[in-house]
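Asker: File name protein10.cif; file contents mmCIF, C-alpha atoms and all ligand atoms; full text below.
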```cif
data_input
#
loop_
_atom_site.label_atom_id
_atom_site.label_comp_id
_atom_site.auth_asym_id
_atom_site.auth_seq_id
_atom_site.Cartn_x
_atom_site.Cartn_y
_atom_site.Cartn_z
CA MET P 285 10.95 -7.33 -19.82
CA ALA P 286 13.36 -10.21 -19.08
CA GLY P 287 14.14 -11.16 -15.47
CA SER P 288 17.21 -12.96 -14.09
CA ILE P 289 17.42 -16.71 -14.76
CA GLN P 290 16.44 -17.48 -11.15
CA SER P 291 13.43 -15.18 -11.19
CA THR P 292 12.29 -16.47 -14.59
CA VAL P 293 12.45 -20.07 -13.36
CA PHE P 294 10.52 -19.10 -10.22
CA LYS P 295 7.94 -17.21 -12.28
CA TRP P 296 7.13 -20.35 -14.25
CA LYS P 297 7.04 -22.51 -11.12
CA TYR P 298 4.61 -19.99 -9.60
CA ARG P 299 2.42 -19.87 -12.71
CA LEU P 300 2.31 -23.60 -13.35
CA PHE P 301 2.25 -25.09 -9.85
CA LEU P 302 2.10 -22.71 -6.88
CA LYS P 303 -0.63 -20.33 -8.04
CA PRO P 304 -3.06 -23.08 -9.19
CA PHE P 305 -2.46 -24.80 -5.84
CA PHE P 306 -3.02 -21.61 -3.81
CA PHE P 307 -6.02 -20.55 -5.90
CA MET P 308 -7.78 -23.85 -5.12
CA GLN P 309 -7.88 -22.88 -1.43
CA ASP P 310 -9.74 -20.30 0.62
CA PRO P 311 -8.05 -16.90 0.01
CA GLU P 312 -7.94 -15.83 3.66
CA LYS P 313 -6.41 -19.17 4.74
CA VAL P 314 -3.73 -18.81 2.05
CA HIS P 315 -3.06 -15.25 3.19
CA ASP P 316 -2.65 -16.38 6.83
CA ARG P 317 -0.35 -19.25 5.82
CA MET P 318 1.79 -16.96 3.67
CA ILE P 319 2.20 -14.58 6.60
CA TYR P 320 3.27 -17.45 8.84
CA PHE P 321 5.60 -18.92 6.21
CA GLY P 322 7.10 -15.49 5.49
CA SER P 323 7.70 -14.81 9.18
CA VAL P 324 9.49 -18.19 9.56
CA LEU P 325 11.67 -17.55 6.49
CA GLY P 326 12.60 -14.17 7.93
CA ARG P 327 14.01 -15.77 11.12
CA PHE P 328 16.99 -17.52 9.53
CA GLY P 329 20.01 -16.01 7.82
CA LEU P 330 20.21 -18.88 5.32
CA SER P 331 16.60 -18.55 4.12
CA ARG P 332 16.95 -14.76 3.86
CA TRP P 333 20.15 -15.20 1.85
CA LEU P 334 18.53 -17.75 -0.49
CA LEU P 335 15.51 -15.50 -1.04
CA SER P 336 17.74 -12.54 -1.72
CA ALA P 337 19.85 -14.53 -4.19
CA THR P 338 16.67 -15.59 -6.05
CA PHE P 339 14.61 -12.41 -5.97
CA ASN P 340 16.49 -9.28 -4.97
CA TYR P 341 17.66 -6.71 -7.51
CA LYS P 342 19.74 -3.66 -6.60
CA ASN P 343 20.68 -0.68 -8.71
CA GLU P 344 21.80 2.79 -7.60
CA VAL P 345 19.58 4.42 -10.23
CA LEU P 346 16.54 3.38 -8.16
CA SER P 347 17.63 4.93 -4.85
CA GLN P 348 16.17 8.16 -3.51
CA ASN P 349 16.09 10.18 -0.33
CA LEU P 350 12.55 11.42 0.24
CA LEU P 351 11.48 13.42 3.28
CA GLY P 352 14.71 12.43 4.99
CA ILE P 353 14.20 8.68 4.42
CA ASP P 354 16.53 6.56 2.24
CA PHE P 355 14.69 4.26 -0.16
CA ILE P 356 16.94 1.75 -1.98
CA ASN P 357 14.18 1.20 -4.53
CA PRO P 358 10.68 2.62 -5.06
CA ILE P 359 8.62 -0.58 -4.69
CA GLY P 360 6.78 -1.04 -1.39
CA LEU P 361 4.32 -3.52 0.06
CA ALA P 362 0.97 -1.71 0.44
CA ALA P 363 -0.98 -1.69 3.72
CA GLY P 364 -3.26 -4.64 4.36
CA PHE P 365 -0.97 -7.58 3.61
CA ASP P 366 1.21 -7.42 6.74
CA LYS P 367 -1.51 -6.26 9.10
CA ASN P 368 0.25 -7.23 12.34
CA ALA P 369 3.88 -6.51 11.38
CA GLU P 370 5.19 -10.02 10.94
CA LEU P 371 7.20 -9.69 7.74
CA GLY P 372 9.77 -6.98 8.52
CA ALA P 373 12.69 -9.43 8.37
CA VAL P 374 11.74 -11.16 5.12
CA LEU P 375 10.43 -8.39 2.85
CA PRO P 376 13.86 -6.81 2.19
CA SER P 377 15.14 -10.20 0.92
CA VAL P 378 12.19 -10.46 -1.46
CA GLY P 379 13.38 -7.13 -2.88
CA PHE P 380 10.99 -4.55 -1.42
CA GLY P 381 12.37 -1.04 -0.94
CA PHE P 382 9.88 -0.22 1.84
CA MET P 383 6.83 -1.64 3.55
CA GLU P 384 3.62 -0.41 5.14
CA VAL P 385 2.30 -2.19 8.22
CA GLY P 386 -1.40 -2.20 9.15
CA SER P 387 -3.80 -0.64 8.97
CA VAL P 388 -3.36 -0.50 12.74
CA THR P 389 -6.24 0.77 14.89
CA GLY P 390 -6.57 2.18 18.39
CA GLU P 391 -8.09 -1.06 19.68
CA LYS P 392 -7.69 -4.68 18.63
CA CYS P 393 -10.29 -5.51 16.00
CA LEU P 394 -11.53 -8.90 14.80
CA GLY P 395 -12.80 -7.45 11.53
CA ASN P 396 -15.97 -8.31 9.64
CA THR P 397 -17.57 -11.75 9.53
CA LYS P 398 -16.18 -14.37 7.13
CA PRO P 399 -16.01 -14.85 4.18
CA ARG P 400 -14.29 -11.50 3.68
CA LEU P 401 -11.74 -12.07 0.92
CA TRP P 402 -12.50 -13.27 -2.61
CA ARG P 403 -10.50 -13.65 -5.82
CA LEU P 404 -11.96 -12.14 -8.97
CA LYS P 405 -9.72 -14.05 -11.33
CA LYS P 406 -10.92 -12.72 -14.67
CA SER P 407 -10.60 -9.16 -13.38
CA LYS P 408 -7.16 -9.79 -11.80
CA SER P 409 -8.55 -8.39 -8.60
CA LEU P 410 -9.26 -9.23 -4.97
CA LEU P 411 -12.48 -8.31 -3.27
CA VAL P 412 -11.64 -7.29 0.28
CA HIS P 413 -14.04 -7.00 3.21
CA TYR P 414 -11.65 -7.62 6.11
CA GLY P 415 -12.93 -4.59 8.03
CA LEU P 416 -9.57 -3.59 9.53
CA LYS P 417 -8.76 -6.85 11.30
CA ASN P 418 -5.60 -6.28 13.37
CA ASP P 419 -4.12 -6.80 16.84
CA GLY P 420 -4.39 -3.11 17.83
CA CYS P 421 -1.71 -0.44 18.24
CA GLU P 422 -0.43 -1.44 21.68
CA ALA P 423 0.39 -5.06 20.77
CA ILE P 424 1.81 -4.17 17.36
CA SER P 425 4.03 -1.33 18.61
CA LYS P 426 5.37 -3.59 21.38
CA LYS P 427 6.26 -6.22 18.81
CA LEU P 428 8.15 -3.66 16.73
CA GLU P 429 9.95 -1.89 19.59
CA ASN P 430 13.07 -4.03 19.39
CA GLU P 431 12.85 -5.16 15.77
CA ARG P 432 15.68 -4.05 13.49
CA MET P 433 14.34 -1.91 10.67
CA ILE P 434 16.08 -3.00 7.45
CA ILE P 435 13.93 -1.03 5.00
CA PRO P 436 11.72 2.00 5.78
CA ARG P 437 8.63 0.95 7.67
CA GLY P 438 5.50 2.99 7.12
CA VAL P 439 2.65 2.44 9.54
CA SER P 440 -0.92 2.92 8.34
CA VAL P 441 -3.33 4.01 11.06
CA ALA P 442 -7.11 3.83 10.84
CA MET P 443 -10.08 4.08 13.19
CA THR P 444 -11.18 0.94 15.02
CA ASN P 445 -14.08 -0.68 13.21
CA CYS P 446 -16.70 -0.46 15.98
CA LYS P 447 -20.06 1.24 16.48
CA GLU P 448 -18.68 3.83 18.94
CA ASN P 449 -16.56 5.31 16.12
CA ILE P 450 -19.60 6.09 14.01
CA ASP P 451 -19.38 9.32 16.00
CA PRO P 452 -16.52 11.18 14.21
CA ALA P 453 -15.47 12.92 17.46
CA LYS P 454 -14.75 9.52 19.05
CA ALA P 455 -13.09 8.28 15.86
CA VAL P 456 -10.68 11.26 15.94
CA LEU P 457 -9.48 10.20 19.40
CA ASP P 458 -9.09 6.60 18.26
CA TYR P 459 -6.94 7.67 15.29
CA ALA P 460 -4.89 9.89 17.58
CA LYS P 461 -4.25 7.00 19.97
CA ALA P 462 -3.02 4.72 17.18
CA PHE P 463 -0.93 7.53 15.66
CA LYS P 464 0.76 8.40 18.96
CA ILE P 465 1.50 4.81 19.94
CA MET P 466 2.80 3.76 16.51
CA GLU P 467 4.85 6.92 15.92
CA PRO P 468 8.07 5.72 17.60
CA VAL P 469 8.24 2.51 15.51
CA ALA P 470 7.40 4.09 12.13
CA SER P 471 9.59 5.70 9.44
CA TYR P 472 6.46 7.49 8.24
CA LEU P 473 2.78 7.37 9.20
CA THR P 474 -0.17 7.05 6.85
CA VAL P 475 -3.60 8.21 7.91
CA ASN P 476 -6.00 5.85 6.17
CA ILE P 477 -9.24 7.78 5.65
CA SER P 478 -10.42 5.59 2.77
CA CYS P 479 -11.10 2.09 4.14
CA PRO P 480 -14.29 1.04 2.34
CA ASN P 481 -15.15 -1.67 4.88
CA ALA P 482 -15.62 -0.04 8.28
CA LEU P 483 -18.82 0.81 10.16
CA GLY P 484 -19.82 4.41 9.59
CA GLY P 485 -18.24 4.54 6.11
CA GLN P 486 -15.56 7.14 5.34
CA PRO P 487 -16.50 10.22 7.41
CA PHE P 488 -13.04 11.79 7.04
CA VAL P 489 -13.34 12.28 3.31
CA GLU P 490 -15.60 15.19 4.33
CA PRO P 491 -13.35 18.29 4.48
CA ALA P 492 -14.80 19.51 7.80
CA ASN P 493 -14.21 16.15 9.49
CA LEU P 494 -10.74 15.83 7.97
CA GLU P 495 -9.89 19.26 9.30
CA LYS P 496 -10.84 18.16 12.83
CA LEU P 497 -8.84 14.95 12.52
CA LEU P 498 -5.71 16.73 11.29
CA ILE P 499 -5.95 19.41 14.00
CA GLU P 500 -5.88 16.60 16.59
CA LEU P 501 -2.98 14.78 14.88
CA ASP P 502 -1.00 18.03 14.51
CA LYS P 503 -0.92 18.18 18.34
CA ILE P 504 1.16 14.99 18.47
CA ASN P 505 4.83 15.86 18.44
CA THR P 506 6.66 14.09 15.61
CA GLU P 507 9.39 14.61 13.04
CA LYS P 508 8.11 11.67 11.00
CA PRO P 509 6.49 12.36 7.61
CA VAL P 510 2.71 11.99 7.46
CA PHE P 511 0.84 10.62 4.43
CA ILE P 512 -2.90 10.50 3.72
CA LYS P 513 -4.40 7.58 1.79
CA LEU P 514 -7.21 8.56 -0.56
CA SER P 515 -10.11 6.69 -2.13
CA PRO P 516 -10.26 6.22 -5.91
CA ASP P 517 -14.04 6.77 -5.84
CA MET P 518 -14.14 10.51 -5.21
CA GLU P 519 -14.87 13.17 -7.79
CA LEU P 520 -11.94 15.44 -8.62
CA VAL P 521 -13.75 18.48 -7.19
CA GLU P 522 -14.10 16.61 -3.90
CA ILE P 523 -10.40 15.78 -4.03
CA ASP P 524 -9.58 19.45 -4.58
CA ALA P 525 -11.49 20.36 -1.42
CA LEU P 526 -9.48 17.78 0.54
CA LEU P 527 -6.19 19.01 -0.94
CA ASP P 528 -7.01 22.49 0.34
CA VAL P 529 -7.39 21.03 3.83
CA LEU P 530 -4.16 19.01 3.59
CA ARG P 531 -2.14 22.06 2.56
CA SER P 532 -2.74 23.74 5.90
CA HIS P 533 -1.65 20.75 8.01
CA ARG P 534 1.40 18.62 8.65
CA VAL P 535 0.85 16.28 5.68
CA GLN P 536 3.82 15.70 3.37
CA GLY P 537 2.58 12.86 1.20
CA ILE P 538 -0.46 11.25 -0.42
CA ILE P 539 -1.13 7.63 -1.35
CA CYS P 540 -3.24 7.20 -4.49
CA THR P 541 -5.19 4.97 -3.82
CA ASN P 542 -7.12 2.53 -1.65
CA LEU P 543 -9.67 -0.05 -2.87
CA THR P 544 -12.62 0.91 -5.09
CA LYS P 545 -16.20 0.23 -4.03
CA ASN P 546 -17.70 1.28 -7.31
CA ARG P 547 -19.03 -1.73 -9.25
CA LYS P 548 -19.63 0.33 -12.43
CA ASN P 549 -16.19 -0.35 -13.84
CA ASP P 550 -15.43 -1.88 -17.23
CA LYS P 551 -12.35 -3.60 -15.78
CA ILE P 552 -14.60 -5.87 -13.68
CA LEU P 553 -14.87 -8.94 -15.90
CA ASP P 554 -16.22 -11.50 -13.42
CA GLU P 555 -19.95 -12.17 -13.62
CA ARG P 556 -20.59 -12.57 -9.89
CA VAL P 557 -19.20 -9.95 -7.55
CA PRO P 558 -20.45 -9.98 -3.92
CA SER P 559 -22.00 -6.65 -2.98
CA SER P 560 -19.87 -5.89 0.07
CA GLY P 561 -16.18 -5.00 0.01
CA GLY P 562 -13.68 -3.03 -2.04
CA LEU P 563 -11.81 -4.16 -5.14
CA SER P 564 -8.04 -4.15 -5.66
CA GLY P 565 -5.89 -4.84 -8.71
CA LYS P 566 -6.77 -4.03 -12.30
CA PRO P 567 -10.16 -2.38 -11.58
CA VAL P 568 -8.32 0.23 -9.46
CA GLN P 569 -5.44 0.92 -11.82
CA ASP P 570 -6.92 3.59 -14.10
CA LEU P 571 -8.81 5.22 -11.23
CA SER P 572 -5.67 5.56 -9.12
CA ASP P 573 -3.58 6.75 -12.09
CA LYS P 574 -6.19 9.40 -12.86
CA LEU P 575 -6.19 10.67 -9.29
CA LEU P 576 -2.40 10.62 -9.10
CA ALA P 577 -2.09 12.57 -12.35
CA HIS P 578 -4.64 15.12 -11.17
CA ILE P 579 -2.90 15.72 -7.84
CA TYR P 580 0.58 15.99 -9.36
CA LYS P 581 -0.65 18.39 -12.01
CA ARG P 582 -2.35 20.56 -9.40
CA GLU P 583 0.20 20.40 -6.60
CA GLY P 584 3.53 19.58 -8.28
CA LYS P 585 6.15 18.50 -5.74
CA ARG P 586 4.33 19.94 -2.70
CA PHE P 587 3.41 16.37 -1.71
CA VAL P 588 5.41 13.16 -2.16
CA LEU P 589 3.04 10.88 -4.05
CA ILE P 590 2.85 7.10 -3.72
CA GLY P 591 1.08 5.38 -6.61
CA CYS P 592 -0.87 2.27 -5.62
CA GLY P 593 -3.38 0.16 -7.53
CA GLY P 594 -3.10 -2.48 -10.23
CA VAL P 595 0.69 -2.69 -10.57
CA PHE P 596 1.44 -6.02 -12.27
CA SER P 597 4.59 -5.09 -14.24
CA ALA P 598 7.52 -2.67 -14.50
CA GLU P 599 5.55 -0.79 -17.17
CA ASP P 600 2.63 -0.26 -14.76
CA ALA P 601 5.00 1.11 -12.12
CA TYR P 602 6.88 3.30 -14.60
CA LYS P 603 3.62 4.83 -15.79
CA LYS P 604 2.78 5.90 -12.22
CA ILE P 605 6.27 7.35 -11.77
CA ARG P 606 6.07 9.32 -15.01
CA LEU P 607 2.65 10.64 -13.91
CA GLY P 608 4.10 11.95 -10.63
CA ALA P 609 4.62 9.10 -8.16
CA SER P 610 7.96 9.03 -6.34
CA LEU P 611 7.16 5.61 -4.86
CA VAL P 612 4.88 2.74 -5.83
CA GLN P 613 3.07 0.17 -3.68
CA LEU P 614 1.36 -3.11 -4.52
CA ILE P 615 -0.27 -6.26 -3.16
CA THR P 616 -2.48 -7.84 -5.80
CA GLY P 617 0.17 -8.02 -8.55
CA MET P 618 2.38 -10.06 -6.22
CA ILE P 619 -0.46 -12.50 -5.50
CA TYR P 620 -1.32 -13.02 -9.18
CA GLU P 621 2.24 -12.97 -10.57
CA GLY P 622 4.39 -14.25 -7.68
CA PRO P 623 7.01 -12.75 -5.35
CA GLN P 624 9.66 -12.52 -8.11
CA LEU P 625 7.56 -9.63 -9.46
CA ILE P 626 9.23 -7.16 -7.07
CA GLY P 627 12.76 -7.77 -8.37
CA ASP P 628 11.47 -7.96 -11.94
CA ILE P 629 9.78 -4.55 -11.58
CA ASN P 630 12.95 -3.02 -10.15
CA ARG P 631 15.08 -4.55 -12.90
CA GLY P 632 12.61 -3.39 -15.57
CA LEU P 633 12.49 0.11 -14.10
CA ALA P 634 16.29 0.38 -14.10
CA GLU P 635 16.36 -0.69 -17.77
CA MET P 636 13.64 1.76 -18.80
CA LEU P 637 15.27 4.63 -16.90
CA ARG P 638 18.59 3.91 -18.63
CA ARG P 639 16.86 3.60 -22.02
CA ASP P 640 15.18 6.98 -21.51
CA GLY P 641 18.39 8.70 -20.45
CA PHE P 642 17.64 9.25 -16.73
CA LYS P 643 20.52 9.04 -14.26
CA ASN P 644 18.20 8.60 -11.28
CA ILE P 645 14.55 7.68 -10.86
CA ALA P 646 13.82 11.13 -9.35
CA GLU P 647 14.39 12.70 -12.80
CA ALA P 648 11.52 10.65 -14.27
CA VAL P 649 8.94 11.61 -11.61
CA GLY P 650 6.11 13.52 -13.30
CA ILE P 651 7.92 13.81 -16.63
CA ASP P 652 4.72 13.01 -18.62
CA ASN P 653 2.55 15.28 -16.51
CA PRO P 654 4.12 18.69 -15.79
CA SER P 655 2.36 20.58 -13.04
CA ILE P 656 0.47 23.78 -13.86
C1 LIG I 1 -6.15 -8.17 1.31
C2 LIG I 1 -6.06 -6.67 1.30
C3 LIG I 1 -6.19 -5.97 2.50
C4 LIG I 1 -6.09 -4.58 2.50
N1 LIG I 1 -6.16 -3.90 3.69
C5 LIG I 1 -5.85 -2.58 3.71
C6 LIG I 1 -5.71 -1.89 4.94
O1 LIG I 1 -5.84 -2.46 6.03
N2 LIG I 1 -5.39 -0.57 4.89
C7 LIG I 1 -5.21 0.11 3.72
O2 LIG I 1 -4.89 1.30 3.73
N3 LIG I 1 -5.35 -0.53 2.53
C8 LIG I 1 -5.65 -1.85 2.51
N4 LIG I 1 -5.74 -2.49 1.31
C9 LIG I 1 -5.61 -1.72 0.05
C10 LIG I 1 -4.20 -1.82 -0.50
O3 LIG I 1 -3.28 -1.22 0.39
C11 LIG I 1 -4.10 -1.10 -1.86
O4 LIG I 1 -4.44 0.25 -1.69
C12 LIG I 1 -5.03 -1.71 -2.90
O5 LIG I 1 -5.09 -3.11 -2.78
C13 LIG I 1 -4.58 -1.39 -4.33
O6 LIG I 1 -3.30 -1.95 -4.59
P1 LIG I 1 -3.12 -3.34 -5.39
O7 LIG I 1 -3.97 -3.25 -6.62
O8 LIG I 1 -1.67 -3.40 -5.71
O9 LIG I 1 -3.53 -4.42 -4.47
C14 LIG I 1 -5.88 -3.88 1.28
C15 LIG I 1 -5.79 -4.60 0.08
C16 LIG I 1 -5.86 -5.97 0.08
C17 LIG I 1 -5.73 -6.70 -1.23
#
```
What would you get if you wrote out this structure as structure tokens?
Ligand SMILES: Cc1cc2nc3c(=O)[nH]c(=O)nc-3n(C[C@H](O)[C@H](O)[C@H](O)COP(=O)(O)O)c2cc1C

Answerer:
Amino acid sequence: MAGSIQSTVFKWKYRLFLKPFFFMQDPEKVHDRMIYFGSVLGRFGLSRWLLSATFNYKNEVLSQNLLGIDFINPIGLAAGFDKNAELGAVLPSVGFGFMEVGSVTGEKCLGNTKPRLWRLKKSKSLLVHYGLKNDGCEAISKKLENERMIIPRGVSVAMTNCKENIDPAKAVLDYAKAFKIMEPVASYLTVNISCPNALGGQPFVEPANLEKLLIELDKINTEKPVFIKLSPDMELVEIDALLDVLRSHRVQGIICTNLTKNRKNDKILDERVPSSGGLSGKPVQDLSDKLLAHIYKREGKRFVLIGCGGVFSAEDAYKKIRLGASLVQLITGMIYEGPQLIGDINRGLAEMLRRDGFKNIAEAVGIDNPSI
């Protein structure tokens, strides 16, 4: 799918010069520098304008109102890249239609010991073992209080990665604290129950624990939509049990999916994969598509679905939309392909929607996967 001249030129610059240069360096250092660089670019009108002129693509066919929120396009930055909410000013110029901050936890958290981020180049994947490093809900909400929101800002909340939260009752209170404090600065909130890298594992993928967590969150007064982020490593029968819990609580959306921990995956092509951490990118793609398709088929439009995992092209995003996703998120595709990918995906989606006779993206949602 062809991009604009500017984005095509940038794509080749990224492939030939920038990516080889970045990929020679430690992945976490590059991540930190990109966050700093992005936050500086976001401060000035001229840099935002230049970025927008190079990368941004707009088309009415891509706009939707979902759960009362206007999305100018369906492509969002997934949780985990902008952990401390530093990129709100720059991401709209890069072409994102929405963003998700975090995951943000009740208390500040330094995360797991380093190294905790690896590139699996052959697999087009990142191995992530950050362990929910972030500045904590109080500092992050304060930072966002007076920041202008240009695109919808989701906030992902998770439990602080500490030994006290191995007790699910304590973890519930920690989630509730982060949820309550982040609520005023969020367009929607995501409850991340699927981080593969925290002490105590993923206790809230157990229906009984999830029930307790959602009862506590239901007590917090909010009009904002609530999403749940699921793991790609669960069996479909386990997912069905969770869906039954979600139906009886204030949950309007589901994100499919988080990182995969499972190393038995024929998309993992690298010989040496450290044993700790979860994988992003291509190894997650089929798993997340399968889960997305299952949920849409079972639940139809009861939940707004966000497809996430292995999106490297407009075709990858379109597949998720046709399986039932109203929105799509990514991180790894942008790191491997470059920031022009966002505009290129939006441009490609608009072309494919027109080719297939859709007047708006909403008409394509779930078209290949009618619900039962
Ligand atoms: C560096 C990195 C950090 C991440 N941290 C989080 C996180 O804090 N919370 C979360 O819900 N997901 C986190 N994720 C998972 C992503 O949001 C996403 O679900 C996953 O990477 C699949 O999308 P992708 O293949 O487009 O990267 C992280 C992913 C990466 C690559």

Asker: Could you report the residues within 8 Å of ligand LIG 1 (chain I), using all atoms listed in the file, as a PDB file with C-alpha atoms, in the frame of the given file?

Answerer:
```pdb
ATOM      1  CA  HIS P 315      -3.060 -15.250   3.190  1.00  0.00           C
ATOM      2  CA  LEU P 361       4.320  -3.520   0.060  1.00  0.00           C
ATOM      3  CA  ALA P 362       0.970  -1.710   0.440  1.00  0.00           C
ATOM      4  CA  ALA P 363      -0.980  -1.690   3.720  1.00  0.00           C
ATOM      5  CA  GLY P 364      -3.260  -4.640   4.360  1.00  0.00           C
ATOM      6  CA  PHE P 365      -0.970  -7.580   3.610  1.00  0.00           C
ATOM      7  CA  LYS P 367      -1.510  -6.260   9.100  1.00  0.00           C
ATOM      8  CA  GLY P 386      -1.400  -2.200   9.150  1.00  0.00           C
ATOM      9  CA  SER P 387      -3.800  -0.640   8.970  1.00  0.00           C
ATOM     10  CA  VAL P 388      -3.360  -0.500  12.740  1.00  0.00           C
ATOM     11  CA  LEU P 401     -11.740 -12.070   0.920  1.00  0.00           C
ATOM     12  CA  SER P 409      -8.550  -8.390  -8.600  1.00  0.00           C
ATOM     13  CA  LEU P 410      -9.260  -9.230  -4.970  1.00  0.00           C
ATOM     14  CA  LEU P 411     -12.480  -8.310  -3.270  1.00  0.00           C
ATOM     15  CA  VAL P 412     -11.640  -7.290   0.280  1.00  0.00           C
ATOM     16  CA  HIS P 413     -14.040  -7.000   3.210  1.00  0.00           C
ATOM     17  CA  TYR P 414     -11.650  -7.620   6.110  1.00  0.00           C
ATOM     18  CA  GLY P 415     -12.930  -4.590   8.030  1.00  0.00           C
ATOM     19  CA  LEU P 416      -9.570  -3.590   9.530  1.00  0.00           C
ATOM     20  CA  LYS P 417      -8.760  -6.850  11.300  1.00  0.00           C
ATOM     21  CA  SER P 440      -0.920   2.920   8.340  1.00  0.00           C
ATOM     22  CA  VAL P 441      -3.330   4.010  11.060  1.00  0.00           C
ATOM     23  CA  ALA P 442      -7.110   3.830  10.840  1.00  0.00           C
ATOM     24  CA  ASN P 476      -6.000   5.850   6.170  1.00  0.00           C
ATOM     25  CA  SER P 478     -10.420   5.590   2.770  1.00  0.00           C
ATOM     26  CA  CYS P 479     -11.100   2.090   4.140  1.00  0.00           C
ATOM     27  CA  LYS P 513      -4.400   7.580   1.790  1.00  0.00           C
ATOM     28  CA  CYS P 540      -3.240   7.200  -4.490  1.00  0.00           C
ATOM     29  CA  THR P 541      -5.190   4.970  -3.820  1.00  0.00           C
ATOM     30  CA  ASN P 542      -7.120   2.530  -1.650  1.00  0.00           C
ATOM     31  CA  LEU P 543      -9.670  -0.050  -2.870  1.00  0.00           C
ATOM     32  CA  LEU P 563     -11.810  -4.160  -5.140  1.00  0.00           C
ATOM     33  CA  SER P 564      -8.040  -4.150  -5.660  1.00  0.00           C
ATOM     34  CA  GLY P 565      -5.890  -4.840  -8.710  1.00  0.00           C
ATOM     35  CA  LYS P 566      -6.770  -4.030 -12.300  1.00  0.00           C
ATOM     36  CA  PRO P 567     -10.160  -2.380 -11.580  1.00  0.00           C
ATOM     37  CA  VAL P 568      -8.320   0.230  -9.460  1.00  0.00           C
ATOM     38  CA  GLN P 569      -5.440   0.920 -11.820  1.00  0.00           C
ATOM     39  CA  CYS P 592      -0.870   2.270  -5.620  1.00  0.00           C
ATOM     40  CA  GLY P 593      -3.380   0.160  -7.530  1.00  0.00           C
ATOM     41  CA  GLY P 594      -3.100  -2.480 -10.230  1.00  0.00           C
ATOM     42  CA  VAL P 595       0.690  -2.690 -10.570  1.00  0.00           C
ATOM     43  CA  PHE P 596       1.440  -6.020 -12.270  1.00  0.00           C
ATOM     44  CA  GLN P 613       3.070   0.170  -3.680  1.00  0.00           C
ATOM     45  CA  LEU P 614       1.360  -3.110  -4.520  1.00  0.00           C
ATOM     46  CA  ILE P 615      -0.270  -6.260  -3.160  1.00  0.00           C
ATOM     47  CA  THR P 616      -2.480  -7.840  -5.800  1.00  0.00           C
ATOM     48  CA  GLY P 617       0.170  -8.020  -8.550  1.00  0.00           C
ATOM     49  CA  MET P 618       2.380 -10.060  -6.220  1.00  0.00           C
TER      50      MET P 618
END
```

Asker: Give me, as number ranges by chain, all polymer residues having an atom no more than 7 Å from Ser347 (chain P), counting only C-alpha atoms and skipping those fewer than 5 positions away in the same chain.

Answerer: P: 355-357

Asker: Enter the distance from CA of Asp502 (chain P) to CA of Glu583 (chain P), in Å, rounded to one decimal.

Answerer: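 Result for CA of Asp502 (chain P) versus CA of Glu583 (chain P): 21.3 Å, one decimal.
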
Asker: Closest to Gly537 (chain P) among P:Gly627, P:Gly438, P:Pro468, P:Pro487, using only C-alpha atoms?

Answerer: P:Gly438

Asker: Given 6 Å on each side, where is the centre and what are the edge lengths in Å to one decimal of the axis-aligned box enclosing the listed atoms of region 510-520 of chain P, as JSON?

Answerer:
```
{"center_x": -6.1, "center_y": 10.8, "center_z": -0.6, "size_x": 29.6, "size_y": 21.2, "size_z": 28.1}
```

Asker: Please, which residues are within 12 Å of (8.4, -8.9, 9.4) by the file's coordinates, counting only C-alpha atoms, and could they come as a short mmCIF file (atom, residue, chain, number, x, y, z; two decimals) with C-alpha atoms, in the coordinates of the input?

Answerer:
```
data_model
loop_
_atom_site.label_atom_id
_atom_site.label_comp_id
_atom_site.auth_asym_id
_atom_site.auth_seq_id
_atom_site.Cartn_x
_atom_site.Cartn_y
_atom_site.Cartn_z
CA MET P 318 1.79 -16.96 3.67
CA ILE P 319 2.20 -14.58 6.60
CA TYR P 320 3.27 -17.45 8.84
CA PHE P 321 5.60 -18.92 6.21
CA GLY P 322 7.10 -15.49 5.49
CA SER P 323 7.70 -14.81 9.18
CA VAL P 324 9.49 -18.19 9.56
CA LEU P 325 11.67 -17.55 6.49
CA GLY P 326 12.60 -14.17 7.93
CA ARG P 327 14.01 -15.77 11.12
CA ARG P 332 16.95 -14.76 3.86
CA LEU P 361 4.32 -3.52 0.06
CA PHE P 365 -0.97 -7.58 3.61
CA ASP P 366 1.21 -7.42 6.74
CA LYS P 367 -1.51 -6.26 9.10
CA ASN P 368 0.25 -7.23 12.34
CA ALA P 369 3.88 -6.51 11.38
CA GLU P 370 5.19 -10.02 10.94
CA LEU P 371 7.20 -9.69 7.74
CA GLY P 372 9.77 -6.98 8.52
CA ALA P 373 12.69 -9.43 8.37
CA VAL P 374 11.74 -11.16 5.12
CA LEU P 375 10.43 -8.39 2.85
CA PRO P 376 13.86 -6.81 2.19
CA SER P 377 15.14 -10.20 0.92
CA VAL P 378 12.19 -10.46 -1.46
CA PHE P 380 10.99 -4.55 -1.42
CA PHE P 382 9.88 -0.22 1.84
CA MET P 383 6.83 -1.64 3.55
CA GLU P 384 3.62 -0.41 5.14
CA VAL P 385 2.30 -2.19 8.22
CA GLY P 386 -1.40 -2.20 9.15
CA ILE P 424 1.81 -4.17 17.36
CA LYS P 427 6.26 -6.22 18.81
CA LEU P 428 8.15 -3.66 16.73
CA GLU P 431 12.85 -5.16 15.77
CA ARG P 432 15.68 -4.05 13.49
CA MET P 433 14.34 -1.91 10.67
CA ILE P 434 16.08 -3.00 7.45
CA ILE P 435 13.93 -1.03 5.00
CA PRO P 436 11.72 2.00 5.78
CA ARG P 437 8.63 0.95 7.67
#
```

Asker: Tell me, in Å to one decimal, how far CA of Glu495 (chain P) is from CA of Val439 (chain P).

Answerer: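 For CA of Glu495 (chain P) relative to CA of Val439 (chain P), the distance reads 21.0 Å.
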